[in-house]
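Student: mmCIF, C-alpha atoms (C1' of nucleotides), file data28.cif:
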```cif
data_target
#
loop_
_atom_site.label_atom_id
_atom_site.label_comp_id
_atom_site.auth_asym_id
_atom_site.auth_seq_id
_atom_site.Cartn_x
_atom_site.Cartn_y
_atom_site.Cartn_z
CA MET A 184 -0.80 -19.85 17.12
CA ASN A 185 -2.32 -16.93 15.24
CA VAL A 186 -1.49 -17.31 11.57
CA PHE A 187 -2.41 -13.72 10.76
CA ALA A 188 0.03 -12.47 13.37
CA ALA A 189 2.73 -14.69 11.90
CA LEU A 190 2.09 -13.30 8.43
CA ALA A 191 1.79 -9.71 9.60
CA ASP A 192 5.55 -9.29 9.70
CA PRO A 193 6.87 -8.55 6.21
CA THR A 194 10.07 -10.51 6.74
CA ARG A 195 8.08 -13.58 7.72
CA ALA A 196 5.68 -13.18 4.83
CA GLU A 197 8.65 -13.06 2.51
CA ILE A 198 10.21 -16.13 4.07
CA VAL A 199 6.96 -17.95 3.41
CA ASP A 200 7.05 -16.69 -0.15
CA ARG A 201 10.57 -17.99 -0.69
CA LEU A 202 9.76 -21.34 0.84
CA ALA A 203 6.97 -21.66 -1.70
CA GLY A 204 9.78 -22.09 -4.19
CA GLY A 205 11.15 -25.07 -2.29
CA PRO A 206 12.74 -25.99 1.03
CA LEU A 207 15.66 -23.96 2.34
CA THR A 208 18.14 -24.43 5.15
CA ALA A 209 18.17 -21.84 7.91
CA THR A 210 21.43 -20.43 6.59
CA GLU A 211 20.01 -20.12 3.09
CA VAL A 212 17.15 -18.09 4.52
CA VAL A 213 19.57 -15.93 6.49
CA ASP A 214 21.51 -15.22 3.30
CA GLN A 215 18.44 -13.78 1.62
CA PHE A 216 17.88 -11.05 4.20
CA GLU A 217 19.83 -8.21 5.68
CA ILE A 218 19.00 -8.94 9.28
CA SER A 219 21.03 -11.07 11.67
CA GLN A 220 20.97 -14.84 11.93
CA PRO A 221 19.32 -14.81 15.37
CA ALA A 222 16.59 -12.55 14.05
CA ILE A 223 15.87 -14.98 11.22
CA SER A 224 16.01 -17.89 13.64
CA ARG A 225 13.33 -16.24 15.69
CA HIS A 226 11.15 -15.56 12.66
CA LEU A 227 11.49 -19.20 11.72
CA ARG A 228 10.42 -20.15 15.21
CA VAL A 229 7.31 -17.99 14.96
CA LEU A 230 6.48 -19.52 11.60
CA ARG A 231 7.02 -22.96 13.09
CA GLU A 232 4.73 -22.20 16.01
CA ALA A 233 2.11 -20.90 13.60
CA GLY A 234 2.33 -24.18 11.70
CA LEU A 235 3.45 -22.46 8.53
CA VAL A 236 6.75 -24.30 8.28
CA THR A 237 8.12 -27.65 9.31
CA VAL A 238 11.72 -28.46 10.07
CA GLN A 239 13.68 -31.45 8.96
CA PRO A 240 17.01 -31.81 10.76
CA ALA A 241 19.86 -32.89 8.52
CA GLY A 242 23.08 -33.12 10.45
CA ARG A 243 23.76 -29.71 11.82
CA GLN A 244 21.47 -28.09 9.31
CA ARG A 245 17.74 -27.49 9.59
CA ILE A 246 15.76 -27.74 6.41
CA TYR A 247 12.65 -25.60 6.47
CA HIS A 248 9.63 -26.62 4.41
CA LEU A 249 6.50 -24.63 3.81
CA ASP A 250 3.44 -26.17 5.42
CA PRO A 251 0.46 -24.84 3.51
CA ALA A 252 -2.17 -26.04 5.99
CA PRO A 253 -2.68 -22.69 7.75
CA LEU A 254 -2.91 -20.97 4.38
CA ARG A 255 -5.60 -23.42 3.41
CA ASP A 256 -7.34 -22.50 6.65
CA ILE A 257 -7.28 -18.84 5.67
CA ASP A 258 -8.67 -19.81 2.31
CA GLY A 259 -11.50 -21.54 4.11
CA TRP A 260 -12.08 -18.59 6.38
CA LEU A 261 -12.39 -16.36 3.33
CA ASP A 262 -15.35 -18.43 2.20
CA ARG A 263 -17.52 -16.37 4.47
CA TYR A 264 -16.62 -13.28 2.50
CA ARG A 265 -16.39 -14.49 -1.07
CA ARG A 266 -20.00 -13.58 -1.70
CA PHE A 267 -18.89 -9.97 -1.39
CA TRP A 268 -16.80 -10.12 -4.54
CA SER A 269 -17.87 -13.20 -6.43
CA GLY A 270 -20.40 -11.58 -8.68
CA ARG A 271 -23.41 -11.83 -6.42
CA LEU A 272 -24.91 -8.54 -7.38
CA ASP A 273 -27.24 -8.32 -4.44
CA ALA A 274 -24.31 -8.54 -2.07
CA LEU A 275 -22.39 -6.00 -4.08
CA GLU A 276 -25.35 -3.70 -4.14
CA ASP A 277 -25.82 -4.17 -0.44
CA PHE A 278 -22.23 -3.10 -0.08
CA MET A 279 -22.42 -0.21 -2.51
CA ASP A 280 -25.40 1.71 -1.29
CA GLN A 281 -23.42 4.02 0.85
CA GLU A 282 -21.94 7.45 0.49
CA PRO A 283 -18.27 7.27 1.45
CA ALA A 284 -17.28 10.37 3.40
CA MET B 176 -1.80 -0.62 6.18
CA ASN B 177 -1.00 -4.24 6.86
CA VAL B 178 -4.19 -6.22 6.57
CA PHE B 179 -2.70 -9.26 8.27
CA ALA B 180 -1.75 -7.15 11.26
CA ALA B 181 -5.27 -5.76 11.40
CA LEU B 182 -6.74 -9.25 11.35
CA ALA B 183 -4.21 -10.64 13.82
CA ASP B 184 -6.14 -9.28 16.76
CA PRO B 185 -9.02 -11.62 17.62
CA THR B 186 -11.34 -8.79 18.60
CA ARG B 187 -10.81 -7.13 15.23
CA ALA B 188 -11.27 -10.38 13.36
CA GLU B 189 -14.56 -10.85 15.14
CA ILE B 190 -15.68 -7.31 14.37
CA VAL B 191 -15.03 -8.05 10.72
CA ASP B 192 -17.01 -11.25 11.06
CA ARG B 193 -19.98 -9.43 12.55
CA LEU B 194 -19.88 -6.74 9.91
CA ALA B 195 -20.17 -9.47 7.30
CA GLY B 196 -23.72 -9.81 8.58
CA GLY B 197 -24.44 -6.20 7.79
CA PRO B 198 -23.47 -2.65 8.84
CA LEU B 199 -23.40 -1.74 12.51
CA THR B 200 -23.09 1.51 14.38
CA ALA B 201 -20.08 1.95 16.65
CA THR B 202 -22.30 1.54 19.69
CA GLU B 203 -23.75 -1.67 18.34
CA VAL B 204 -20.24 -3.03 17.97
CA VAL B 205 -19.34 -1.91 21.48
CA ASP B 206 -22.38 -3.76 22.83
CA GLN B 207 -21.15 -7.04 21.38
CA PHE B 208 -17.88 -7.04 23.30
CA GLU B 209 -16.79 -6.86 26.89
CA ILE B 210 -14.13 -4.24 26.40
CA SER B 211 -14.55 -0.49 26.74
CA GLN B 212 -15.94 1.85 24.12
CA PRO B 213 -12.59 3.58 23.54
CA ALA B 214 -10.94 0.22 22.98
CA ILE B 215 -13.51 -0.64 20.33
CA SER B 216 -13.17 2.81 18.81
CA ARG B 217 -9.48 2.18 18.42
CA HIS B 218 -10.02 -1.23 16.86
CA LEU B 219 -12.42 0.35 14.41
CA ARG B 220 -9.79 2.93 13.57
CA VAL B 221 -7.23 0.22 12.85
CA LEU B 222 -9.72 -1.60 10.65
CA ARG B 223 -10.46 1.66 8.88
CA GLU B 224 -6.78 2.34 8.29
CA ALA B 225 -6.37 -1.19 6.95
CA GLY B 226 -9.20 -0.52 4.53
CA LEU B 227 -11.35 -3.27 5.98
CA VAL B 228 -14.22 -1.03 6.97
CA THR B 229 -15.74 2.20 5.80
CA VAL B 230 -17.66 4.68 7.89
CA GLN B 231 -20.82 6.45 7.02
CA PRO B 232 -21.69 9.25 9.42
CA ALA B 233 -25.34 9.50 10.32
CA GLY B 234 -25.98 12.29 12.72
CA ARG B 235 -23.95 11.57 15.79
CA GLN B 236 -23.68 7.92 14.91
CA ARG B 237 -21.08 6.24 12.74
CA ILE B 238 -22.26 3.34 10.66
CA TYR B 239 -19.47 0.88 9.94
CA HIS B 240 -19.58 -1.21 6.79
CA LEU B 241 -17.33 -4.07 5.84
CA ASP B 242 -15.07 -3.30 2.89
CA PRO B 243 -14.09 -6.64 1.40
CA ALA B 244 -11.36 -5.29 -0.87
CA PRO B 245 -8.43 -6.24 1.40
CA LEU B 246 -9.91 -9.68 1.86
CA ARG B 247 -10.06 -10.06 -1.88
CA ASP B 248 -6.40 -9.06 -1.92
CA ILE B 249 -5.59 -11.86 0.52
CA ASP B 250 -7.54 -14.20 -1.69
CA GLY B 251 -5.36 -13.12 -4.59
CA TRP B 252 -2.19 -13.52 -2.57
CA LEU B 253 -3.23 -17.06 -1.73
CA ASP B 254 -3.17 -17.87 -5.43
CA ARG B 255 0.55 -18.42 -5.15
CA TYR B 256 -0.07 -21.22 -2.68
CA ARG B 257 -3.21 -22.88 -3.94
CA ARG B 258 -1.19 -25.39 -5.93
CA PHE B 259 -0.07 -26.82 -2.60
CA TRP B 260 -3.51 -28.07 -1.72
CA SER B 261 -5.41 -28.20 -4.96
CA GLY B 262 -4.39 -31.69 -5.92
CA ARG B 263 -1.94 -30.78 -8.66
CA LEU B 264 0.57 -33.56 -8.28
CA ASP B 265 3.19 -31.99 -10.52
CA ALA B 266 3.31 -28.97 -8.25
CA LEU B 267 3.70 -31.20 -5.25
CA GLU B 268 6.49 -33.02 -6.98
CA ASP B 269 8.04 -29.73 -7.97
CA PHE B 270 7.99 -28.89 -4.30
CA MET B 271 9.47 -32.18 -3.20
CA ASP B 272 12.32 -32.85 -5.62
CA GLN B 273 15.06 -30.70 -4.33
CA GLU B 274 18.24 -31.17 -2.45
CA PRO B 275 19.21 -27.92 -0.73
CA ALA B 276 22.93 -27.22 -0.98
"C1'" DA C 212 39.94 -34.03 21.83
"C1'" DG C 213 39.76 -29.46 19.86
"C1'" DA C 214 38.30 -26.26 16.31
"C1'" DT C 215 34.67 -24.97 13.34
"C1'" DC C 216 30.14 -24.76 11.53
"C1'" DG C 217 24.98 -24.35 11.72
"C1'" DT C 218 21.48 -23.01 14.49
"C1'" DA C 219 19.01 -21.72 18.67
"C1'" DT C 220 18.56 -19.15 22.93
"C1'" DA C 221 19.48 -15.41 26.42
"C1'" DG C 222 19.37 -10.84 27.59
"C1'" DC C 223 18.93 -6.18 26.47
"C1'" DG C 224 16.85 -1.65 24.38
"C1'" DA C 225 13.61 0.75 21.40
"C1'" DC C 226 9.26 0.68 19.92
"C1'" DT C 227 4.45 -0.76 19.45
"C1'" DT C 228 0.05 -2.46 21.07
"C1'" DA C 229 -4.13 -3.16 23.71
"C1'" DG C 230 -6.33 -2.13 27.51
"C1'" DT C 231 -7.90 1.42 31.04
"C1'" DT C 232 -10.05 6.10 32.74
"C1'" DA C 233 -10.77 10.85 31.78
"C1'" DT C 234 -12.08 14.13 28.55
"C1'" DA C 235 -13.18 16.50 24.22
"C1'" DC C 236 -16.49 17.44 20.77
"C1'" DA C 237 -20.26 17.33 17.69
"C1'" DT C 238 -25.10 16.25 17.46
"C1'" DC C 239 -29.59 15.88 19.29
"C1'" DT C 240 -33.35 17.04 22.68
"C1'" DC C 241 -35.56 19.99 25.61
"C1'" DG D 1180 -28.52 27.51 25.58
"C1'" DA D 1181 -28.12 23.40 28.68
"C1'" DG D 1182 -27.92 18.73 29.21
"C1'" DA D 1183 -27.59 14.16 27.24
"C1'" DT D 1184 -25.85 10.99 23.77
"C1'" DG D 1185 -22.50 8.90 20.39
"C1'" DT D 1186 -17.96 8.66 19.26
"C1'" DA D 1187 -13.10 9.86 19.15
"C1'" DT D 1188 -8.85 11.24 21.35
"C1'" DA D 1189 -5.41 11.84 25.22
"C1'" DA D 1190 -2.59 10.07 28.70
"C1'" DC D 1191 -1.07 6.30 30.97
"C1'" DT D 1192 0.37 1.32 31.99
"C1'" DA D 1193 1.46 -3.47 31.18
"C1'" DA D 1194 2.86 -6.47 28.01
"C1'" DG D 1195 4.44 -7.87 23.62
"C1'" DT D 1196 7.63 -7.56 19.44
"C1'" DC D 1197 11.76 -6.98 16.74
"C1'" DG D 1198 16.19 -5.92 16.31
"C1'" DC D 1199 20.98 -6.50 18.18
"C1'" DT D 1200 25.28 -8.87 20.42
"C1'" DA D 1201 26.90 -12.57 23.05
"C1'" DT D 1202 26.72 -17.24 23.93
"C1'" DA D 1203 25.32 -22.08 24.13
"C1'" DC D 1204 25.25 -26.48 21.97
"C1'" DG D 1205 25.16 -30.36 18.96
"C1'" DA D 1206 27.30 -32.02 14.55
"C1'" DT D 1207 31.30 -32.30 11.66
"C1'" DC D 1208 36.14 -32.27 10.57
"C1'" DT D 1209 40.95 -32.90 11.56
#
```
Will you turn the file into structure tokens for me?
Tutor:
Amino acid sequence: MNVFAALADPTRAEIVDRLAGGPLTATEVVDQFEISQPAISRHLRVLREAGLVTVQPAGRQRIYHLDPAPLRDIDGWLDRYRRFWSGRLDALEDFMDQEPA
Amino acid sequence: MNVFAALADPTRAEIVDRLAGGPLTATEVVDQFEISQPAISRHLRVLREAGLVTVQPAGRQRIYHLDPAPLRDIDGWLDRYRRFWSGRLDALEDFMDQEPA
DNA sequence: AGATCGTATAGCGACTTAGTTATACATCTC
DNA sequence: GAGATGTATAACTAAGTCGCTATACGATCT
């Protein structure tokens, strides 16, 4: 559901990162981390529920693919804030005119 | 610390959204939500610790400003994934053409 | 069919989180 | 200085999360 929550866990963020390099089976993901297979399975479930990955069954294996849609959503959400760092000086100035404690 | 974790809470995400419209005192933030003042105070603390807001004391008030730096960081992190939705067919192909062991 | 493999789920414990009310504390007003 | 105001912290509770081990279950192999 909440993509930010799904990405908040460092293990999950790293799984997403690895899947950016191409699909992986569940076991291949397990092999890249120190934690147990059930723990990875659960992370994959959370990523699935967040829409960040899709599964393609292949016999007894599950091939996990990155689904970039939620990341694109975040990119869109960031649009509201880009003015703060995209060279609009008035926004920057607006942001700057304070005395940090 | 973890910006994603800070943004995972819907109340905090909305506080960030409101601060994009300009600085607000703690009380002004409290007035925009149904939850208690201490709850908001804690959310503001989390946002502060995540670097998403800065505080400027003004007498007994605290003026909270959005700090876009962590959002810019997310924007940078997304660079690794933009190829997935920015129409580059070779990247898509790159992503498709593999046969996991 | 029976064993094995790949993966998911169940159930538990330790820890964290988000809310509450009560209270502390500094600042302002009188 | 005394009271009020703005904000943060403390103490607690309910609920969620993340790890583990044990186990279930379908797919494959023999």
Student: Take chain B, lay it over chain A with a least-squares fit on all the Cα atoms in order, then hand it over as a JSON list (two decimals) with C-alpha atoms, in the coordinates of the input.
Tutor:
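Once written, part-v9.json looks like this:
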```json
[["chain", "number", "residue", "atom", "x", "y", "z"],
["B", 176, "MET", "CA", -0.60, -17.75, 16.75],
["B", 177, "ASN", "CA", -1.74, -14.92, 14.53],
["B", 178, "VAL", "CA", -0.91, -15.82, 10.97],
["B", 179, "PHE", "CA", -1.44, -12.28, 9.73],
["B", 180, "ALA", "CA", 1.07, -11.00, 12.26],
["B", 181, "ALA", "CA", 3.55, -13.63, 11.13],
["B", 182, "LEU", "CA", 3.12, -12.61, 7.51],
["B", 183, "ALA", "CA", 3.18, -8.89, 8.28],
["B", 184, "ASP", "CA", 6.95, -8.84, 8.41],
["B", 185, "PRO", "CA", 8.38, -8.65, 4.89],
["B", 186, "THR", "CA", 11.35, -10.86, 5.71],
["B", 187, "ARG", "CA", 9.03, -13.58, 6.98],
["B", 188, "ALA", "CA", 6.74, -13.26, 4.00],
["B", 189, "GLU", "CA", 9.72, -13.73, 1.75],
["B", 190, "ILE", "CA", 10.94, -16.75, 3.69],
["B", 191, "VAL", "CA", 7.53, -18.29, 3.16],
["B", 192, "ASP", "CA", 7.77, -17.46, -0.51],
["B", 193, "ARG", "CA", 11.14, -19.16, -0.83],
["B", 194, "LEU", "CA", 9.97, -22.21, 1.04],
["B", 195, "ALA", "CA", 7.19, -22.55, -1.51],
["B", 196, "GLY", "CA", 9.98, -23.55, -3.87],
["B", 197, "GLY", "CA", 10.99, -26.39, -1.62],
["B", 198, "PRO", "CA", 12.48, -27.10, 1.83],
["B", 199, "LEU", "CA", 15.57, -25.23, 2.95],
["B", 200, "THR", "CA", 17.95, -25.63, 5.84],
["B", 201, "ALA", "CA", 18.22, -22.76, 8.30],
["B", 202, "THR", "CA", 21.62, -21.86, 6.90],
["B", 203, "GLU", "CA", 20.27, -21.79, 3.38],
["B", 204, "VAL", "CA", 17.63, -19.33, 4.49],
["B", 205, "VAL", "CA", 20.22, -17.22, 6.28],
["B", 206, "ASP", "CA", 22.28, -17.07, 3.08],
["B", 207, "GLN", "CA", 19.38, -15.53, 1.18],
["B", 208, "PHE", "CA", 19.09, -12.49, 3.42],
["B", 209, "GLU", "CA", 21.33, -9.72, 4.61],
["B", 210, "ILE", "CA", 20.40, -9.95, 8.25],
["B", 211, "SER", "CA", 22.16, -11.99, 10.92],
["B", 212, "GLN", "CA", 21.69, -15.68, 11.58],
["B", 213, "PRO", "CA", 20.02, -15.10, 14.96],
["B", 214, "ALA", "CA", 17.56, -12.72, 13.35],
["B", 215, "ILE", "CA", 16.62, -15.37, 10.81],
["B", 216, "SER", "CA", 16.44, -17.99, 13.53],
["B", 217, "ARG", "CA", 13.93, -15.84, 15.32],
["B", 218, "HIS", "CA", 11.86, -15.29, 12.19],
["B", 219, "LEU", "CA", 11.81, -19.02, 11.66],
["B", 220, "ARG", "CA", 10.62, -19.47, 15.21],
["B", 221, "VAL", "CA", 7.76, -17.03, 14.66],
["B", 222, "LEU", "CA", 6.79, -18.83, 11.47],
["B", 223, "ARG", "CA", 6.94, -22.12, 13.34],
["B", 224, "GLU", "CA", 4.72, -20.80, 16.11],
["B", 225, "ALA", "CA", 2.27, -19.51, 13.51],
["B", 226, "GLY", "CA", 2.17, -22.98, 12.01],
["B", 227, "LEU", "CA", 3.51, -21.79, 8.68],
["B", 228, "VAL", "CA", 6.59, -23.98, 8.71],
["B", 229, "THR", "CA", 7.61, -27.30, 10.12],
["B", 230, "VAL", "CA", 11.09, -28.39, 11.04],
["B", 231, "GLN", "CA", 12.73, -31.66, 10.33],
["B", 232, "PRO", "CA", 16.00, -32.14, 12.19],
["B", 233, "ALA", "CA", 18.75, -33.75, 10.18],
["B", 234, "GLY", "CA", 21.89, -34.10, 12.17],
["B", 235, "ARG", "CA", 22.91, -30.64, 13.20],
["B", 236, "GLN", "CA", 20.85, -29.08, 10.47],
["B", 237, "ARG", "CA", 17.21, -28.09, 10.59],
["B", 238, "ILE", "CA", 15.26, -28.50, 7.40],
["B", 239, "TYR", "CA", 12.36, -26.07, 7.18],
["B", 240, "HIS", "CA", 9.29, -26.99, 5.18],
["B", 241, "LEU", "CA", 6.37, -24.79, 4.29],
["B", 242, "ASP", "CA", 3.14, -25.80, 6.01],
["B", 243, "PRO", "CA", 0.32, -24.39, 3.90],
["B", 244, "ALA", "CA", -2.44, -25.03, 6.42],
["B", 245, "PRO", "CA", -2.60, -21.44, 7.76],
["B", 246, "LEU", "CA", -2.61, -20.13, 4.23],
["B", 247, "ARG", "CA", -5.54, -22.37, 3.46],
["B", 248, "ASP", "CA", -7.21, -20.88, 6.53],
["B", 249, "ILE", "CA", -6.72, -17.38, 5.12],
["B", 250, "ASP", "CA", -8.16, -18.61, 1.87],
["B", 251, "GLY", "CA", -11.21, -19.80, 3.78],
["B", 252, "TRP", "CA", -11.50, -16.54, 5.67],
["B", 253, "LEU", "CA", -11.49, -14.68, 2.37],
["B", 254, "ASP", "CA", -14.65, -16.55, 1.41],
["B", 255, "ARG", "CA", -16.63, -13.99, 3.35],
["B", 256, "TYR", "CA", -15.35, -11.28, 1.05],
["B", 257, "ARG", "CA", -15.18, -12.93, -2.33],
["B", 258, "ARG", "CA", -18.66, -11.71, -3.20],
["B", 259, "PHE", "CA", -17.19, -8.21, -3.26],
["B", 260, "TRP", "CA", -15.07, -8.91, -6.30],
["B", 261, "SER", "CA", -16.58, -11.94, -7.92],
["B", 262, "GLY", "CA", -19.06, -10.10, -10.07],
["B", 263, "ARG", "CA", -22.18, -10.94, -8.10],
["B", 264, "LEU", "CA", -24.19, -7.80, -8.63],
["B", 265, "ASP", "CA", -26.80, -8.60, -6.00],
["B", 266, "ALA", "CA", -24.09, -8.72, -3.37],
["B", 267, "LEU", "CA", -22.75, -5.41, -4.54],
["B", 268, "GLU", "CA", -26.21, -3.96, -4.36],
["B", 269, "ASP", "CA", -26.69, -5.49, -0.95],
["B", 270, "PHE", "CA", -23.56, -3.66, 0.04],
["B", 271, "MET", "CA", -24.63, -0.37, -1.46],
["B", 272, "ASP", "CA", -28.26, 0.06, -0.43],
["B", 273, "GLN", "CA", -28.02, 1.25, 3.08],
["B", 274, "GLU", "CA", -28.45, 4.47, 4.91],
["B", 275, "PRO", "CA", -26.55, 4.34, 8.20],
["B", 276, "ALA", "CA", -28.51, 5.89, 11.05]]
```
Student: Name the residues in contact with D:DG1185 at a cut-off of 8 Å, using all atoms listed in the file, excluding same-chain residues fewer than 3 positions from it; report them as a list in words.
Tutor: Thr202, Arg235 and Gln236 of chain B
Student: If you count all atoms listed in the file, which residues fall within 9 Å of B:Tyr256, apart from same-chain ones fewer than 6 positions away, as a list of chain:residue names?
Tutor: A:Asp200, A:Ala203, A:Pro251, A:Leu254, A:Arg255
Student: So that I have them on file, write out the residues from the current selection with C-alpha atoms, as a PDB file, in the frame of the given file.
Tutor:
```
ATOM      1  CA  ASP A 200       7.050 -16.690  -0.150  1.00  0.00           C
ATOM      2  CA  ALA A 203       6.970 -21.660  -1.700  1.00  0.00           C
ATOM      3  CA  PRO A 251       0.460 -24.840   3.510  1.00  0.00           C
ATOM      4  CA  LEU A 254      -2.910 -20.970   4.380  1.00  0.00           C
ATOM      5  CA  ARG A 255      -5.600 -23.420   3.410  1.00  0.00           C
TER       6      ARG A 255
END
```
Student: As an MDAnalysis selection string, please: the residues near D:DT1196 (cut-off 10 Å, all atoms listed in the file, same-chain neighbours under 2 positions excluded).
Tutor: (chainID C and resid 226:228) or (chainID D and resid 1194 1198)
Student: In Å, rounded to a single decimal, give me how far atom CA of B:Ala180 is from atom CA of A:Ala191.
Tutor: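 These atoms are spaced 4.7 Å apart.
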Student: List, as a PyMOL selection string, every residue that the PyMOL selection byres ((chain A) within 9 of (chain D)) selects in the file provided.
Tutor: chain A and resi 218-219+221-222+242-244
Student: Would you write out, as a list in words, every residue that the PyMOL selection byres ((chain A) within 12 of (chain C)) captures in this file?
Tutor: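 That expression, the PyMOL selection byres ((chain A) within 12 of (chain C)), corresponds here to Thr208, Ala209, Thr210, Glu211, Val212, Val213, Gln220, Pro221, Ala222, Ile223, Ser224, Arg225, His226, Leu227, Arg228, Pro240, Ala241, Gly242, Arg243, Gln244, Arg245 and Ile246 of chain A.
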Student: Restricting the calculation to all atoms listed in the file, which member of A:Leu207, A:Val238, A:Ile198, A:Leu230 is positioned closest to chain B?
Tutor: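 When distances to chain B are compared using all atoms listed in the file, the smallest one comes from A:Leu207.
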Student: Could you tell me how far atom CA of B:Thr186 lies from atom CA of B:Glu209, in Å and to one decimal?
Tutor: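 Taking atom CA of B:Thr186 as the start and atom CA of B:Glu209 as the end point, the length is 10.1 Å.
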Student: Atom CA of B:Val228 to atom CA of B:Asp242: how many Å, to one decimal?
Tutor: 4.7 Å
Student: Quick one: 5 Å padding each side, axis-aligned, all listed atoms of stretch 217-236 of chain C - centre and edge lengths in Å to one decimal, as JSON?
Tutor:
```
{"center_x": 4.2, "center_y": -3.5, "center_z": 22.2, "size_x": 51.5, "size_y": 51.8, "size_z": 31.0}
```
Student: Rebuild stretch 231-244 of chain A to N, CA, C and O atoms - output it as an mmCIF file, in the frame of the given file, please.
Tutor:
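For reference, part39.cif as written:
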```cif
data_model
loop_
_atom_site.group_PDB
_atom_site.id
_atom_site.type_symbol
_atom_site.label_atom_id
_atom_site.label_comp_id
_atom_site.auth_asym_id
_atom_site.auth_seq_id
_atom_site.Cartn_x
_atom_site.Cartn_y
_atom_site.Cartn_z
ATOM 1 N N ARG A 231 7.171 -21.578 12.646
ATOM 2 C CA ARG A 231 7.020 -22.960 13.090
ATOM 3 C C ARG A 231 5.831 -23.066 14.041
ATOM 4 O O ARG A 231 4.954 -23.918 13.889
ATOM 5 N N GLU A 232 5.796 -22.163 15.019
ATOM 6 C CA GLU A 232 4.730 -22.200 16.010
ATOM 7 C C GLU A 232 3.361 -21.902 15.394
ATOM 8 O O GLU A 232 2.336 -22.334 15.911
ATOM 9 N N ALA A 233 3.373 -21.168 14.300
ATOM 10 C CA ALA A 233 2.110 -20.900 13.600
ATOM 11 C C ALA A 233 1.750 -22.038 12.667
ATOM 12 O O ALA A 233 0.704 -22.010 12.023
ATOM 13 N N GLY A 234 2.613 -23.031 12.569
ATOM 14 C CA GLY A 234 2.330 -24.180 11.700
ATOM 15 C C GLY A 234 2.607 -23.922 10.234
ATOM 16 O O GLY A 234 2.262 -24.746 9.391
ATOM 17 N N LEU A 235 3.239 -22.794 9.943
ATOM 18 C CA LEU A 235 3.450 -22.460 8.530
ATOM 19 C C LEU A 235 4.674 -23.129 7.937
ATOM 20 O O LEU A 235 4.806 -23.199 6.715
ATOM 21 N N VAL A 236 5.583 -23.579 8.782
ATOM 22 C CA VAL A 236 6.750 -24.300 8.280
ATOM 23 C C VAL A 236 7.003 -25.519 9.143
ATOM 24 O O VAL A 236 6.591 -25.574 10.305
ATOM 25 N N THR A 237 7.663 -26.478 8.558
ATOM 26 C CA THR A 237 8.120 -27.650 9.310
ATOM 27 C C THR A 237 9.628 -27.745 9.134
ATOM 28 O O THR A 237 10.183 -27.245 8.149
ATOM 29 N N VAL A 238 10.274 -28.363 10.107
ATOM 30 C CA VAL A 238 11.720 -28.460 10.070
ATOM 31 C C VAL A 238 12.122 -29.917 9.927
ATOM 32 O O VAL A 238 11.530 -30.794 10.558
ATOM 33 N N GLN A 239 13.143 -30.106 9.132
ATOM 34 C CA GLN A 239 13.680 -31.450 8.960
ATOM 35 C C GLN A 239 15.161 -31.359 9.253
ATOM 36 O O GLN A 239 15.917 -30.785 8.475
ATOM 37 N N PRO A 240 15.591 -31.900 10.407
ATOM 38 C CA PRO A 240 17.010 -31.810 10.760
ATOM 39 C C PRO A 240 17.818 -32.663 9.788
ATOM 40 O O PRO A 240 17.393 -33.750 9.403
ATOM 41 N N ALA A 241 18.968 -32.139 9.412
ATOM 42 C CA ALA A 241 19.860 -32.890 8.520
ATOM 43 C C ALA A 241 21.274 -32.569 8.985
ATOM 44 O O ALA A 241 21.840 -31.557 8.594
ATOM 45 N N GLY A 242 21.793 -33.411 9.854
ATOM 46 C CA GLY A 242 23.080 -33.120 10.450
ATOM 47 C C GLY A 242 22.971 -31.860 11.268
ATOM 48 O O GLY A 242 22.030 -31.715 12.057
ATOM 49 N N ARG A 243 23.879 -30.947 11.042
ATOM 50 C CA ARG A 243 23.760 -29.710 11.820
ATOM 51 C C ARG A 243 22.888 -28.671 11.116
ATOM 52 O O ARG A 243 22.744 -27.569 11.598
ATOM 53 N N GLN A 244 22.345 -29.025 10.000
ATOM 54 C CA GLN A 244 21.470 -28.090 9.310
ATOM 55 C C GLN A 244 20.003 -28.370 9.647
ATOM 56 O O GLN A 244 19.648 -29.461 10.060
#
```
